[in-house]
$ cat data15.cif   # mmCIF, C-alpha atoms
data_model
#
loop_
_atom_site.label_atom_id
_atom_site.label_comp_id
_atom_site.auth_asym_id
_atom_site.auth_seq_id
_atom_site.Cartn_x
_atom_site.Cartn_y
_atom_site.Cartn_z
CA MET J 1 165.94 -41.88 -0.71
CA LYS J 2 164.57 -41.01 2.68
CA ASP J 3 166.83 -41.51 5.71
CA ILE J 4 165.79 -44.14 8.17
CA ASP J 5 165.85 -43.52 11.87
CA LEU J 6 166.39 -47.09 12.93
CA PHE J 7 166.30 -46.26 16.64
CA ASP J 8 162.92 -44.63 16.17
CA TRP J 9 161.70 -47.63 14.25
CA TYR J 10 163.04 -49.94 16.92
CA LYS J 11 161.24 -47.98 19.65
CA ASN J 12 158.05 -48.10 17.62
CA ILE J 13 157.93 -51.85 17.39
CA GLN J 14 158.97 -52.54 21.00
CA GLY J 15 156.26 -54.41 22.81
CA SER J 16 154.48 -55.43 19.64
CA ASN J 17 155.92 -58.97 19.86
CA ILE J 18 156.58 -59.22 16.14
CA PHE J 19 158.63 -62.29 15.24
CA PHE J 20 158.37 -62.10 11.47
CA ALA J 21 157.98 -59.10 9.20
CA ILE J 22 158.40 -58.56 5.50
CA ASN J 23 157.89 -55.40 3.52
CA GLY J 24 158.10 -55.63 -0.24
CA THR J 25 157.32 -58.07 -2.99
CA ILE J 26 156.82 -61.73 -2.32
CA SER J 27 157.47 -64.06 -5.23
CA HIS J 28 156.30 -67.65 -4.98
CA SER J 29 159.78 -68.97 -4.20
CA LEU J 30 160.16 -66.42 -1.40
CA LEU J 31 156.75 -67.36 -0.07
CA VAL J 32 157.91 -70.97 0.18
CA GLU J 33 161.13 -69.96 1.96
CA PHE J 34 159.27 -67.66 4.38
CA GLY J 35 156.74 -70.41 5.02
CA GLU J 36 159.54 -72.78 6.00
CA MET J 37 161.16 -70.12 8.21
CA ILE J 38 157.90 -69.43 9.99
CA LYS J 39 157.30 -73.12 10.57
CA SER J 40 160.77 -73.65 12.05
CA ARG J 41 160.35 -70.61 14.26
CA LEU J 42 156.96 -71.83 15.46
CA PHE J 43 158.32 -75.30 16.15
CA GLN J 44 160.63 -73.62 18.71
CA ILE J 45 157.91 -71.72 20.53
CA GLU J 46 154.71 -73.68 20.06
CA GLU J 47 153.93 -77.23 21.15
CA GLU J 48 150.58 -77.67 19.43
CA ARG J 49 151.17 -78.85 15.87
CA GLN J 50 147.61 -77.96 14.92
CA VAL J 51 148.25 -74.34 15.90
CA ILE J 52 151.47 -74.27 13.86
CA LYS J 53 149.64 -75.64 10.83
CA LYS J 54 146.89 -73.05 11.19
CA VAL J 55 149.32 -70.13 11.49
CA PHE J 56 151.26 -71.41 8.47
CA ALA J 57 148.09 -71.91 6.40
CA ILE J 58 146.81 -68.44 7.23
CA PHE J 59 150.18 -66.88 6.44
CA VAL J 60 150.23 -68.58 3.02
CA GLU J 61 146.67 -67.55 2.23
CA LEU J 62 147.19 -63.91 3.24
CA ALA J 63 150.55 -63.77 1.42
CA GLN J 64 149.04 -65.18 -1.79
CA ASN J 65 146.17 -62.77 -1.40
CA LEU J 66 148.67 -59.94 -1.29
CA MET J 67 150.72 -61.32 -4.22
CA ASN J 68 147.61 -61.53 -6.38
CA TYR J 69 145.58 -58.52 -5.32
CA SER J 70 147.90 -55.78 -4.16
CA SER J 71 147.59 -52.78 -6.43
CA ALA J 72 151.29 -52.10 -5.99
CA LYS J 73 152.84 -54.62 -8.34
CA VAL J 74 156.52 -55.02 -9.16
CA LYS J 75 157.98 -56.79 -12.19
CA ILE J 76 160.37 -59.63 -11.42
CA VAL J 77 163.64 -59.12 -13.28
CA ASN J 78 164.17 -61.38 -16.32
CA THR J 79 160.58 -62.61 -16.31
CA ASP J 80 157.26 -61.26 -17.48
CA LYS J 81 155.77 -61.84 -14.05
CA TYR J 82 154.42 -59.17 -11.75
CA VAL J 83 153.92 -59.78 -8.07
CA GLY J 84 152.14 -57.75 -5.45
CA SER J 85 153.92 -55.75 -2.83
CA GLY J 86 152.94 -55.14 0.77
CA ILE J 87 153.61 -55.92 4.40
CA ILE J 88 153.08 -59.10 6.35
CA LEU J 89 153.64 -59.40 10.07
CA LEU J 90 153.39 -62.27 12.48
CA ARG J 91 153.31 -61.74 16.18
CA GLU J 92 152.91 -63.75 19.31
CA ASN J 93 150.65 -62.57 22.11
CA ALA J 94 150.11 -64.26 25.47
CA ASP J 95 147.08 -66.20 24.30
CA CYS J 96 147.33 -66.17 20.51
CA TYR J 97 149.29 -65.63 17.31
CA GLU J 98 148.29 -62.88 14.95
CA VAL J 99 148.88 -62.65 11.21
CA ILE J 100 148.54 -59.16 9.74
CA SER J 101 148.79 -58.10 6.12
CA GLY J 102 148.76 -54.63 4.63
CA ASN J 103 148.74 -53.57 0.99
CA LEU J 104 147.44 -51.01 -1.43
CA VAL J 105 144.06 -51.62 -2.99
CA ARG J 106 142.01 -49.55 -5.44
CA ASN J 107 139.49 -47.40 -3.61
CA SER J 108 136.74 -48.84 -5.77
CA LYS J 109 137.35 -52.32 -4.35
CA ILE J 110 137.44 -51.38 -0.67
CA ASP J 111 133.69 -51.52 -0.04
CA MET J 112 133.42 -54.93 -1.65
CA ILE J 113 136.21 -56.41 0.47
CA ARG J 114 134.90 -54.72 3.63
CA SER J 115 131.41 -56.13 3.15
CA LYS J 116 132.79 -59.57 2.36
CA CYS J 117 134.73 -59.53 5.66
CA GLU J 118 131.69 -58.26 7.56
CA TYR J 119 129.50 -60.92 5.99
CA ILE J 120 131.96 -63.71 6.81
CA ASN J 121 132.30 -62.45 10.39
CA SER J 122 128.52 -62.47 10.81
CA LEU J 123 128.20 -66.18 10.03
CA ASN J 124 128.23 -68.97 12.60
CA LYS J 125 130.25 -72.16 12.13
CA THR J 126 127.60 -74.06 10.18
CA GLU J 127 126.74 -71.07 7.98
CA LEU J 128 130.43 -70.54 7.24
CA LYS J 129 130.78 -74.14 6.17
CA GLU J 130 127.81 -73.87 3.81
CA TYR J 131 129.04 -70.56 2.40
CA TYR J 132 132.50 -72.06 1.88
CA LYS J 133 131.08 -75.07 0.07
CA ALA J 134 128.86 -72.93 -2.15
CA GLU J 135 131.71 -70.59 -3.11
CA LYS J 136 134.07 -73.51 -3.70
CA ARG J 137 131.75 -74.91 -6.36
CA LYS J 138 132.16 -71.76 -8.46
CA PRO J 139 134.87 -71.91 -11.16
CA LEU J 140 138.37 -70.67 -10.38
CA ASN J 141 139.20 -67.21 -11.69
CA LYS J 142 141.82 -67.94 -14.34
CA GLU J 143 143.49 -64.54 -14.06
CA THR J 144 143.76 -64.05 -10.33
CA LEU J 145 143.78 -67.83 -9.64
CA SER J 146 141.43 -66.97 -6.87
CA ALA J 147 138.98 -69.50 -5.61
CA GLY J 148 137.22 -66.62 -3.80
CA ILE J 149 137.35 -68.67 -0.65
CA GLY J 150 140.63 -67.50 0.90
CA LEU J 151 139.02 -65.20 3.43
CA ILE J 152 136.37 -67.77 4.37
CA ASP J 153 139.05 -70.41 4.81
CA ILE J 154 141.13 -68.12 7.03
CA VAL J 155 138.19 -67.36 9.32
CA ARG J 156 137.21 -71.02 9.51
CA LYS J 157 140.76 -72.14 10.34
CA ALA J 158 141.29 -69.42 12.94
CA ASN J 159 137.81 -69.72 14.38
CA ASN J 160 138.02 -65.97 14.93
CA PRO J 161 136.72 -62.95 13.02
CA ILE J 162 138.93 -61.23 10.47
CA LYS J 163 139.66 -57.59 11.20
CA PHE J 164 139.44 -55.22 8.26
CA MET J 165 140.80 -51.67 8.15
CA ALA J 166 141.35 -49.25 5.30
CA ASN J 167 142.99 -45.83 5.14
CA GLN J 168 142.64 -43.78 2.01
CA LYS J 169 146.08 -42.87 0.64
CA ASP J 170 145.03 -40.77 -2.35
CA GLU J 171 142.18 -40.48 -4.84
CA ASN J 172 142.96 -43.93 -6.33
CA LEU J 173 144.39 -46.08 -3.61
CA SER J 174 143.81 -47.13 -0.03
CA PHE J 175 146.03 -49.01 2.37
CA MET J 176 144.11 -52.08 3.48
CA GLU J 177 144.90 -54.09 6.58
CA LEU J 178 143.63 -57.57 7.35
CA SER J 179 144.40 -59.25 10.63
CA ILE J 180 143.39 -62.44 12.29
CA LYS J 181 144.14 -64.18 15.56
CA ILE J 182 144.83 -67.85 16.04
CA MET J 183 144.33 -68.89 19.66
CA LYS J 184 147.03 -70.96 21.36
CA MET N 185 148.21 -93.37 -22.42
CA LYS N 186 151.16 -92.13 -20.50
CA ASP N 187 151.30 -92.35 -16.72
CA ILE N 188 152.16 -89.31 -14.61
CA ASN N 189 154.99 -89.25 -12.13
CA ILE N 190 155.53 -85.88 -10.48
CA GLU N 191 158.00 -85.58 -7.64
CA LYS N 192 156.97 -83.73 -4.54
CA THR N 193 158.39 -80.36 -3.55
CA LYS N 194 157.89 -78.31 -0.40
CA TYR N 195 154.90 -76.68 -2.08
CA SER N 196 153.55 -79.24 -4.51
CA LEU N 197 152.24 -82.77 -4.39
CA GLU N 198 153.77 -86.03 -5.43
CA VAL N 199 151.49 -87.42 -8.11
CA ILE N 200 151.64 -90.99 -9.36
CA THR N 201 149.17 -92.53 -11.75
CA ASP N 202 149.00 -96.23 -12.51
CA GLU N 203 146.89 -96.96 -15.56
CA GLU N 204 147.25 -100.71 -15.28
CA ASN N 205 145.77 -100.86 -11.79
CA GLY N 206 143.53 -97.79 -12.08
CA ILE N 207 145.13 -95.84 -9.25
CA VAL N 208 145.95 -92.14 -8.80
CA LYS N 209 147.95 -91.23 -5.72
CA MET N 210 148.64 -87.71 -4.53
CA SER N 211 150.49 -86.78 -1.38
CA GLY N 212 152.16 -83.86 0.31
CA ALA N 213 151.57 -80.14 0.69
CA SER N 214 149.96 -78.15 -2.09
CA TYR N 215 150.36 -74.42 -2.63
CA PRO N 216 151.83 -74.18 -6.13
CA GLU N 217 152.30 -70.86 -7.87
CA ASN N 218 149.61 -71.77 -10.38
CA ALA N 219 147.17 -74.43 -9.25
CA ILE N 220 145.42 -74.60 -12.64
CA GLU N 221 148.70 -75.37 -14.40
CA PHE N 222 149.73 -77.92 -11.80
CA PHE N 223 146.50 -79.91 -11.80
CA GLU N 224 145.72 -79.65 -15.50
CA PRO N 225 147.71 -82.77 -16.60
CA ILE N 226 146.15 -84.82 -13.81
CA ILE N 227 142.66 -83.76 -14.84
CA ARG N 228 143.52 -84.66 -18.44
CA TRP N 229 144.80 -88.07 -17.32
CA LEU N 230 141.58 -88.75 -15.39
CA ASN N 231 139.39 -87.84 -18.35
CA GLU N 232 141.47 -89.95 -20.73
CA TYR N 233 141.47 -92.92 -18.37
CA ILE N 234 137.71 -92.79 -18.00
CA GLU N 235 137.24 -92.40 -21.76
CA GLU N 236 139.81 -94.89 -23.02
CA VAL N 237 140.32 -97.46 -20.26
CA GLY N 238 137.03 -97.21 -18.39
CA GLU N 239 137.99 -99.68 -15.65
CA LYS N 240 137.95 -99.24 -11.87
CA LEU N 241 139.53 -96.04 -10.60
CA ILE N 242 140.87 -95.37 -7.11
CA MET N 243 142.06 -91.95 -6.00
CA GLU N 244 144.24 -91.84 -2.90
CA LEU N 245 144.74 -88.42 -1.35
CA LYS N 246 147.25 -87.93 1.44
CA ILE N 247 147.27 -84.16 1.71
CA THR N 248 149.07 -82.45 4.57
CA TYR N 249 148.24 -78.90 3.52
CA GLN N 250 146.29 -77.37 0.64
CA ASN N 251 145.79 -73.73 -0.12
CA THR N 252 142.38 -72.65 -1.29
CA SER N 253 143.08 -72.78 -5.03
CA SER N 254 144.48 -76.32 -4.69
CA SER N 255 141.47 -77.40 -2.67
CA LYS N 256 139.29 -76.07 -5.46
CA MET N 257 141.19 -78.09 -8.09
CA ILE N 258 140.98 -81.23 -5.94
CA LEU N 259 137.24 -80.71 -5.67
CA ASP N 260 137.05 -80.46 -9.47
CA MET N 261 138.90 -83.79 -9.81
CA ILE N 262 136.46 -85.51 -7.46
CA TYR N 263 133.60 -84.10 -9.56
CA ILE N 264 135.09 -85.93 -12.56
CA LEU N 265 135.11 -89.15 -10.55
CA GLU N 266 131.56 -88.50 -9.34
CA ASP N 267 130.36 -88.18 -12.95
CA TYR N 268 132.11 -91.44 -13.78
CA PHE N 269 130.47 -93.09 -10.76
CA GLU N 270 127.04 -91.85 -11.83
CA ALA N 271 127.66 -93.27 -15.31
CA GLY N 272 128.27 -96.68 -13.73
CA GLY N 273 132.03 -96.48 -13.18
CA ASP N 274 133.73 -98.38 -10.36
CA VAL N 275 135.22 -95.51 -8.36
CA LYS N 276 136.65 -94.96 -4.91
CA VAL N 277 138.25 -92.01 -3.14
CA ILE N 278 140.44 -92.62 -0.10
CA TRP N 279 141.26 -89.59 2.02
CA PHE N 280 144.16 -90.02 4.43
CA TYR N 281 144.73 -87.78 7.42
CA GLU N 282 147.38 -87.71 10.09
CA GLU N 283 145.76 -88.91 13.29
CA ASP N 284 145.72 -85.61 15.21
CA ASP N 285 145.11 -83.38 12.21
CA GLU N 286 141.54 -82.19 12.73
CA ASP N 287 141.55 -79.69 9.87
CA ILE N 288 142.54 -82.28 7.27
CA TYR N 289 140.07 -84.78 8.75
CA GLU N 290 137.27 -82.20 8.53
CA THR N 291 138.20 -81.32 4.96
CA GLY N 292 137.82 -85.00 4.07
CA GLU N 293 134.54 -85.24 5.94
CA GLU N 294 133.13 -82.21 4.15
CA LEU N 295 134.09 -83.64 0.78
CA MET N 296 132.50 -86.95 1.68
CA GLU N 297 129.21 -85.23 2.54
CA ASP N 298 128.97 -83.70 -0.90
CA PHE N 299 129.50 -86.79 -3.02
CA GLU N 300 127.62 -90.01 -3.66
CA LEU N 301 130.66 -92.02 -4.73
CA PRO N 302 132.38 -94.41 -2.27
CA PHE N 303 134.57 -92.21 -0.07
CA LYS N 304 136.71 -93.55 2.75
CA ILE N 305 138.55 -91.57 5.40
CA ILE N 306 141.56 -93.30 6.93
CA ALA N 307 143.94 -92.16 9.68
CA TYR N 308 147.65 -92.84 9.51
#
$ encode --input "data15.cif" --output "structure tokens"
Amino acid sequence: MKDIDLFDWYKNIQGSNIFFAINGTISHSLLVEFGEMIKSRLFQIEEERQVIKKVFAIFVELAQNLMNYSSAKVKIVNTDKYVGSGIILLRENADCYEVISGNLVRNSKIDMIRSKCEYINSLNKTELKEYYKAEKRKPLNKETLSAGIGLIDIVRKANNPIKFMANQKDENLSFMELSIKIMK
Amino acid sequence: MKDINIEKTKYSLEVITDEENGIVKMSGASYPENAIEFFEPIIRWLNEYIEEVGEKLIMELKITYQNTSSSKMILDMIYILEDYFEAGGDVKVIWFYEEDDEDIYETGEELMEDFELPFKIIAY
């Protein structure tokens, strides 16, 4: 196992205002616990309940996205369940909160996700609502449990564009980052 | 038919059905691990009620948070009620929202726009 230079790591994240970070697998029960933690933390620093609810909702949606779609999956001991692995960060800036997720995705899927984000970002409020409604009428994917509307919902709740970034790791996989700001 | 009584958790709804009075009540936050599995018995109950009892049916929804797959399942349940309404059934949906919760209010409003059945939005 690689040594960790904690001081280096500490210096790296100084000034980034991260108040929650998880790297690894997130099972559903952990998601629920993290969700509660994040809410209690936000109740200490944020007065607007609507903002807290939005940050929580976006965290849950991005975390479930990661659990279901990350290409790095880990088997949960004593079960036949596999959950996705990745990174989720929450940070507080002067004027907003930011939820960031990062996980491995097959290279072949990157273009599809990128264009979906670009398309969603190009829509105005009314168009987003219509797109959301149209996608919601489609049947749920029984395998991924995806309603295909997570990203649209996130952008609608945040009222901000979703930022997409991908770095190719090797010939099969890329590291994909999604981030979104929720204004205070 | 057997009524449903599911206790609420941090991540799943309380669900109570009342066959005698034709009422289905759901309340709480909804982001279960598997939304299809969670909502499947409720959907079955609705279909059975419509088929076997066929009386008035009121659905009360007091949702504080729903993830996208739950919102999809809730939409599917309202579609079942809409079909019943179109076939002449006495149906009503009541959507509750906490007074300052704009997102939940808007979710209710958007649902109301898409259906013909009686749909009421009430603040608490």
$ closest_residue --input "data15.cif" --among "N:Met243, N:Asn189, N:Trp279, N:Asn251" --to "Pro216 of chain N" --atoms "only C-alpha atoms"
N:Asn251
$ resolve_selection --input "data15.cif" --expression "the PyMOL selection byres ((chain J) within 9 of (chain N))" --output "NGL selection string"
:J and (27-29 or 32 or 36 or 49-50 or 53-54 or 57 or 60-61 or 64 or 129 or 133 or 136-140 or 142 or 145-150 or 153 or 157)
$ atom_distance --input "data15.cif" --atom1 "atom CA of Ile226 of chain N" --atom2 "atom CA of Ile305 of chain N"
21.7 Å
$ resolve_selection --input "data15.cif" --expression "the PyMOL selection byres ((chain J and resi 90-95) around 9)" --output "PyMOL selection string"
chain J and resi 16-21+38+55+59+88-89+96-101+182-184
$ residues_near_point --input "data15.cif" --point "(129.9, -59.3, 6.2)" --cutoff "12 Å" --atoms "all atoms listed in the file" --output "MDAnalysis selection string"
chainID J and resid 111:124 128 131 151:152 155 161:164
$ residues_near_point --input "data15.cif" --point "(141.4, -48.7, 5.8)" --cutoff "10 Å" --atoms "all atoms listed in the file" --output "list in words"
Gly102, Leu104, Val105, Asn107, Ile110, Arg114, Phe164, Met165, Ala166, Asn167, Gln168, Lys169, Ser174, Phe175, Met176, Glu177 and Leu178 of chain J
